[in-house]
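Participant: I have a structure here, written as structure tokens, and I will follow up with some questions on it.
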Amino acid sequence: MIKTIILGIIIDRTNKIMKVIIRKKYLDFLIKLAFNNKLIKVLSGQRRAGKSYILRQFIDALIKDHKVSSKNIFYVNFEDEEFKNIKNKDDLSELIKKYTKERKPDLKKELYLILDEIQEITGWEKLLASYLANTQIQYQIYITGSNSNLLSSELATYITGRYIVQEILPFSYQEFLDYYQLESNQTNLIEYLNSSSLPETFHLNKEEEIIRNYLKAVKDSILLKDIVQRYKVENVALLENLFLFLIDNISNPFSINSINKTLLANNISTNINTLSNYIKYLEESFVLHGVSRYDLKGKKILEGEKKYYLNDLGLRKFLFSKFDLANGKFLENFVYNELRYHGFEVYTGKINDLEIDFVAEKNKKRIYIQVAYLLADEKVIQREFGNLQKIKDNWDKIVISLDPLSMGSVEGIEHKQAWDKNLFALPAKDLV
């Protein structure tokens, strides 16, 4: 049922050996919760972001580092052809019964149920709730899914307060460096920005046409399987046009009304309710992230406009023609993704009529961030530093760019190069 896993190397069914970076952030999350608890551990995230690889690394660690018998580990990926006949909770229950009968796990010890892409099984949440209530067998349950709403709504309904969620993101910049054994510098960051960060693309030897075909398949899978089929979307052309529009305008602020007007002006028939639903579906599939605006003077989240960022810039780079690296919007998307990878809650900011690219909070601490591709002239410098100077509190404020030389501190505002490993160092004091 699972691929052979040996010391961080995955050997697939074609016996091709693939180099794997141990994704320590996520592996630590899984191991920390692997023993003596009754929580369902949930890995959510975009298709092909690496959830299955992380589960296999976790199984590897259980067996090698924690001496868990392989007989006590039940792993199924419900997108595997082997399990295409498993459709509902009764089918799954029978499969688990067959496993316990044939594999004869030690039921006096913890039994690990690791269920990959669980959303393919109808009624799964009721079955897992019954396992949690079982007092005879101590189940450790791990599930993954590619739809945030499906997981959260079903879990909240049947398993309230007994689950914990970790979103899996594509490879971070540091993981990219680790994979290729590179130093962090301007050249390598630009290479990262020009790449897809989905793990599978790292095995494609930088062959652009192969990567393009792979990402097209990923995009089609997300739109058609995760959205069109699941939500019975009727206007597939509108969904595709909306997706293209948002990708083409990453990091620009939009309201539903303004998107509606823009599409209508381009002779694309739509309406506000349909657009609102389609954007929600795109966000729930993790391919795009909408970021709310925070009013720094009123200290409240503003309704209406949002900025949208891609989970993986490769979709923009490889599938669409307009990719201009000189545009700071792509660097801004990178900063957003890195903030999320490092555990920040992220907003865009507004103070009077001025924009603050990011207001990032973590552990009761806050950082204000402006992003510019290059601080090319005095006007750009004044805009980026000047906006931050309007904020009168004492939280750290930084300007991030790809300039080869750092300007250091300008009136208390730090200029940092985007490849700085301490880019998101937290301030010392707590948020009041």
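How things are named: the first chain in the structure tokens is A, the next is B, and so on; residues count from 1 in each chain; ligands count from 1 in the order shown.
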I'd like the neighbourhood of stretch 80-88 of chain A as a VMD selection string, where a residue qualifies if any of its atoms comes within 8 Å (using only C-alpha atoms), though same-chain residues fewer than 2 positions away should be ignored.
Facilitator: chain A and resid 76 to 78 90 to 92 120 to 124
Participant: Kindly save the residues from that selection, with C-alpha atoms included, as an mmCIF file, in the first residue's frame.
Facilitator:
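Result saved to part-v7.cif:
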```cif
data_model
loop_
_atom_site.group_PDB
_atom_site.id
_atom_site.type_symbol
_atom_site.label_atom_id
_atom_site.label_comp_id
_atom_site.auth_asym_id
_atom_site.auth_seq_id
_atom_site.Cartn_x
_atom_site.Cartn_y
_atom_site.Cartn_z
ATOM 1 C CA VAL A 76 -4.261 4.750 2.019
ATOM 2 C CA ASN A 77 -4.185 7.401 -0.685
ATOM 3 C CA PHE A 78 -7.738 7.562 -1.987
ATOM 4 C CA ASP A 90 -18.837 1.629 4.859
ATOM 5 C CA ASP A 91 -16.306 0.698 2.185
ATOM 6 C CA LEU A 92 -13.541 2.276 4.253
ATOM 7 C CA GLU A 120 -12.949 11.399 -1.820
ATOM 8 C CA ILE A 121 -14.869 9.294 0.736
ATOM 9 C CA THR A 122 -18.456 10.217 1.567
ATOM 10 C CA GLY A 123 -19.331 10.059 5.245
ATOM 11 C CA TRP A 124 -15.688 9.810 6.356
#
```
Participant: For stretch 239-299 of chain A against stretch 211-224 of chain A, with a cut-off of 10 Å and counting only C-alpha atoms, what is the closest atom pair and its distance in Å to one decimal for every residue that makes the cut, ordered by chain and number, as JSON lines?
Facilitator:
```
{"residue": "A:Leu239", "atom": "CA", "partner": "A:Leu223", "partner_atom": "CA", "distance": 7.9}
{"residue": "A:Glu240", "atom": "CA", "partner": "A:Leu223", "partner_atom": "CA", "distance": 7.7}
{"residue": "A:Phe243", "atom": "CA", "partner": "A:Leu223", "partner_atom": "CA", "distance": 9.0}
{"residue": "A:Tyr281", "atom": "CA", "partner": "A:Leu223", "partner_atom": "CA", "distance": 9.1}
{"residue": "A:Leu282", "atom": "CA", "partner": "A:Leu223", "partner_atom": "CA", "distance": 7.9}
{"residue": "A:Ser285", "atom": "CA", "partner": "A:Ile222", "partner_atom": "CA", "distance": 6.9}
{"residue": "A:Phe286", "atom": "CA", "partner": "A:Ile222", "partner_atom": "CA", "distance": 9.2}
{"residue": "A:Val287", "atom": "CA", "partner": "A:Ile222", "partner_atom": "CA", "distance": 7.8}
```
Participant: Output N, CA and C atoms for every residue in that selection, as a CSV table (one decimal), in the first residue's frame.
Facilitator:
```csv
chain,number,residue,atom,x,y,z
A,239,LEU,N,-15.2,30.6,-14.8
A,239,LEU,CA,-14.3,30.2,-13.7
A,239,LEU,C,-12.8,30.3,-14.3
A,240,GLU,N,-12.6,29.8,-15.5
A,240,GLU,CA,-11.3,29.9,-16.1
A,240,GLU,C,-10.9,31.4,-16.3
A,243,PHE,N,-10.0,33.0,-13.0
A,243,PHE,CA,-8.7,32.5,-12.5
A,243,PHE,C,-7.6,33.3,-13.2
A,281,TYR,N,-14.5,29.4,-4.0
A,281,TYR,CA,-14.0,28.0,-4.4
A,281,TYR,C,-12.5,28.0,-4.7
A,282,LEU,N,-12.0,29.0,-5.4
A,282,LEU,CA,-10.6,29.1,-5.7
A,282,LEU,C,-9.8,29.2,-4.4
A,285,SER,N,-9.7,25.8,-2.5
A,285,SER,CA,-8.8,24.9,-3.1
A,285,SER,C,-7.3,25.2,-2.9
A,286,PHE,N,-7.0,26.3,-2.2
A,286,PHE,CA,-5.7,26.8,-1.8
A,286,PHE,C,-4.9,27.3,-2.9
A,287,VAL,N,-5.4,27.4,-4.1
A,287,VAL,CA,-4.6,27.8,-5.3
A,287,VAL,C,-4.4,29.3,-5.2
```
Participant: Which residues come within 12 Å of A:Asn266, counting only C-alpha atoms, excluding same-chain residues fewer than 3 positions away, as a PyMOL selection string?
Facilitator: chain A and resi 238+241-242+245+259-263+269-270
Participant: Please give the complete set of residues from stretch 135-375 of chain A that DSSP, run on the backbone, assigns to strand (DSSP E or B), formatted as a VMD selection string.
Facilitator: chain A and resid 139 to 145 163 to 167 253 to 254 288 to 295 300 to 310 345 to 351 354 to 362 365 to 371
Participant: Do you have the atom CA of A:Glu102-atom CA of A:Tyr131 distance handy?
Facilitator: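 If I compute the distance from atom CA of A:Glu102 to atom CA of A:Tyr131, I get 19.4 Å.
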Participant: Taking only C-alpha atoms into account, which of A:Lys306, A:Lys109, A:His342, A:Lys365 comes nearest A:Ile137?
Facilitator: A:Lys109
